Amino acid sequence: MLPFVFKRLLTSLLVVWIIITVTFVLMRLCPGGPFDRERRFSEEIEKNIRARYGLDQPLWKQYLDYLVPLLRGDLGPSLFYQGQSVNSLIAEKFPRSALIGLISILLSIGVGVPAGIFCSLRQNRLQDRLTMLVTILGVSVPSFVLATLLQYFGALRWGIFHAAGFSHWYDAVLPSLALAGYSLAFITRLTRSSFIDVLHDDWVRTAYAKGLSPLRVMIGHVLRNAILPVLTYLGPLAAAVLTGSLVVEKIFNIPGLGGFFITSITNRDYSLIMGVTIFYSTLLIAFNFLVDVLYVFLDPRISFEGGAER
Amino acid sequence: MTPSAPSPAAPPLAVAKGLSPGRAAWRRFRRNPAAMTGCLIIALLVVYAIVGPSLSPHAYDEQNYDHLREGPSALFWFGTDDLGRDLFVLCAMGARVSLAVGLFASLISLLVGVGYGAVSGWFGGRTDQVMMRIVDILYGIPLLLIVINLMVILGSGLQNVFIALGMVYWLNMARIVRGQVLRLRASDYVEAARALGAGRLRLIVRHILPNTLGPIIVTLTLTIPQAIFTESFLSCIGLGGSAPNESWGTLASSGARLELVQYSPHLVLFPAAAISLAMLAFNFVGDGLRDALDPRDLRKKGP
């Protein structure tokens, strides 16, 4: 067990390092820069700016200069917002995104899993068919369309919520719903098919034949097996919520990290793009690491040699 | 497709009864109503993409200043956008772009993925381990972030969307092909072919790859809607196809603004419906193909 966790941790760290290196190389390959203006600076100023941000150094030196502070978690200064560090910008914006993301993850699991179980027990009856119809719409509508529809009905038509902005906790409701839409539908479908699979297994019949109550069979036997595929989806779920936030925050005009990331792309603020990419990636990789460890705990069939197979 | 027609040179003594695997798969596929509906929708969308622009009297770049942002009418079937362009034609042009994105992104993923997976699975051992470890590592990287970073460097533009998406989606293909090749390489019939003196290339091309065709086709079909969906997402953050190569995603995201939805909902509804239809159709067909080509897995339906 412990060797597995350790090995998995090492791989995760390796992946983080690769991402840092790759984004660094990618950003240095970019044509144009944040200091490009309509009117060119005079040569001296240009030179000073480049020296100030270390852009006149050889590439390997720049890389080391970036990597060494990063070991302490320092992502360097923003190129566009003068005098602000990437860290302080992330620290300022991320909490709002985290709140919305967390709500939508909880919503996806908390509603999706029970709904999926319910459907699997009512397989092919009306409730099941209806739910499947709604979820199939859910997985095929782009999040920005869903967001706009929610905005229109929730705010403009029925006037329950604010259409945009983030000044009150209930302003998180609509964005969270928009963000959760796809994963909620997906988890419902995944849970349903996984439970249907397991419910048809021989040993479930055996459990019933032993005279166990349906509840006992469900919790003690089915749940533990059928929930595993859902658990595997947690990593992609976090990724979906995170990337979805880019669009949803833009539409609801929420001053979070997602919308800010888009702005930094438009601004060509390379150090910010890099910083946020690395921050997001590390977050997701850490999350995946936790999920994998949890998976091994719950599924005794997994060998510790090969690691968790997807 | 798997060879569905019996070869004309088949000996007349061949058993008359029983179906070739390809035939059997086609039969299973035909009996799947969802998959057939999907095929029909895809066919309609393709026809729409090809002939749509010539069906309407308006050109896609024609601006009608008397009809700005009008709802659907006899004159403009899907209405007009805020530049007075006919949305019916714009959506047809969008179909070309979006379908092309799906097709080319998945073709790139096919080329890279099959090559990589076949090499990894065929050589096995240390080569396989290293190559698959690389795939595992890439798998751990949030794909959309990579796509966004690639797009920042390449600049927005259609061919860059193809490249960025194709470079990301080959991972799945590589894993699946590798698994198949690894399994088939050790199978008895390949052993027999080798004993008969078949060379390495002949073994791979003639004996192994045709048998991995099923999973490859399924993966390919399921990659198309993913690429279309991701492209619509990219266009929403301004990195997708832009005028004159507006995709469904570009159209939908430019219509998906609160001030527009209130009075001109058609601007988002038509392109968004097109995206959803394509998503559903390709996923139905993909699932249908999986059920048809791999009957052992019939009971397990993907979400």
# chains A, B, ... in the order shown; residues from 1 in each chain; ligands from 1
$ select_by_dssp --residues "region 95-279 of chain A" --states "alpha helix (DSSP H)" --output "number ranges by chain"
A: 95-121, 126-138, 143-150, 173-199, 202-209, 214-216, 223-226, 228-232, 234-251, 257-266, 270-279
$ residues_around --residues "Leu277 (chain B)" --least-positions-apart "3" --cutoff "8 Å" --atoms "only C-alpha atoms" --output "list in words"
Ser140 of chain A; Ile41, Ala273, Ala274, Leu280 and Ala281 of chain B
$ residues_around --residues "region 97-114 of chain A" --least-positions-apart "5" --cutoff "10 Å" --atoms "only C-alpha atoms" --output "MDAnalysis selection string"
chainID A and resid 119:120 135 169 171:192 227 230:231 234 237:238 240:242 244:246 249 254:259
$ interface_residues --of "chain B" --to "chain A" --cutoff "8 Å" --atoms "only C-alpha atoms" --output "ChimeraX atom specification"
/B:137-138,140-142,144-145,149-150,152-154,229,232-233,236-237,252-253,256-258,261-262,268,272-273,275-277,279-280,299-303
$ atom_distance --atom1 "CA of Asn253 (chain A)" --atom2 "CA of Pro95 (chain A)"
15.2 Å
$ residues_around --residues "Met131 (chain B)" --least-positions-apart "6" --cutoff "10 Å" --atoms "only C-alpha atoms" --output "PyMOL selection string"
chain B and resi 116-117+119-121+124+174
$ write_last_selection --atoms "N, CA and C atoms" --output "mmCIF file, in the first residue's frame"
data_model
loop_
_atom_site.group_PDB
_atom_site.id
_atom_site.type_symbol
_atom_site.label_atom_id
_atom_site.label_comp_id
_atom_site.auth_asym_id
_atom_site.auth_seq_id
_atom_site.Cartn_x
_atom_site.Cartn_y
_atom_site.Cartn_z
ATOM 1 N N TYR B 116 1.344 5.087 -33.013
ATOM 2 C CA TYR B 116 1.975 4.998 -31.697
ATOM 3 C C TYR B 116 1.576 3.714 -30.982
ATOM 4 N N GLY B 117 0.252 3.454 -30.993
ATOM 5 C CA GLY B 117 -0.254 2.276 -30.288
ATOM 6 C C GLY B 117 0.258 0.993 -30.898
ATOM 7 N N VAL B 119 3.040 0.468 -32.653
ATOM 8 C CA VAL B 119 4.462 0.286 -32.347
ATOM 9 C C VAL B 119 4.634 -0.188 -30.911
ATOM 10 N N SER B 120 3.911 0.495 -29.997
ATOM 11 C CA SER B 120 4.058 0.163 -28.583
ATOM 12 C C SER B 120 3.603 -1.261 -28.307
ATOM 13 N N GLY B 121 2.459 -1.628 -28.872
ATOM 14 C CA GLY B 121 1.928 -2.960 -28.615
ATOM 15 C C GLY B 121 2.757 -4.045 -29.286
ATOM 16 N N GLY B 124 6.303 -4.302 -27.496
ATOM 17 C CA GLY B 124 6.120 -4.765 -26.128
ATOM 18 C C GLY B 124 7.326 -4.468 -25.252
ATOM 19 N N ALA B 174 -4.289 5.637 -29.002
ATOM 20 C CA ALA B 174 -3.039 4.903 -28.806
ATOM 21 C C ALA B 174 -3.223 3.800 -27.773
#
$ residues_around --residues "Val218 (chain B)" --least-positions-apart "6" --cutoff "12 Å" --atoms "only C-alpha atoms" --output "list in words"
Met1, Thr2, Ser106, Leu110, Asn172, Met173, Ile176, Val177, Thr212, Ile224, Phe282, Asn283, Phe284, Val285, Gly286, Asp287, Gly288, Leu289, Arg290, Asp291, Ala292, Leu293 and Asp294 of chain B
$ closest_residue --among "B:Ala118, B:Met36, B:Leu143, B:Ile134" --to "Leu165 (chain B)" --atoms "only C-alpha atoms"
B:Leu143
$ residues_around --residues "Met218 (chain A)" --least-positions-apart "5" --cutoff "10 Å" --atoms "only C-alpha atoms" --output "PyMOL selection string"
chain A and resi 117+195+199+204+207+212-213+223-224+226
$ atom_distance --atom1 "CA of Gln129 (chain B)" --atom2 "CA of Val181 (chain B)"
14.3 Å
$ atom_distance --atom1 "CA of Pro57 (chain B)" --atom2 "CA of Ala100 (chain B)"
24.4 Å
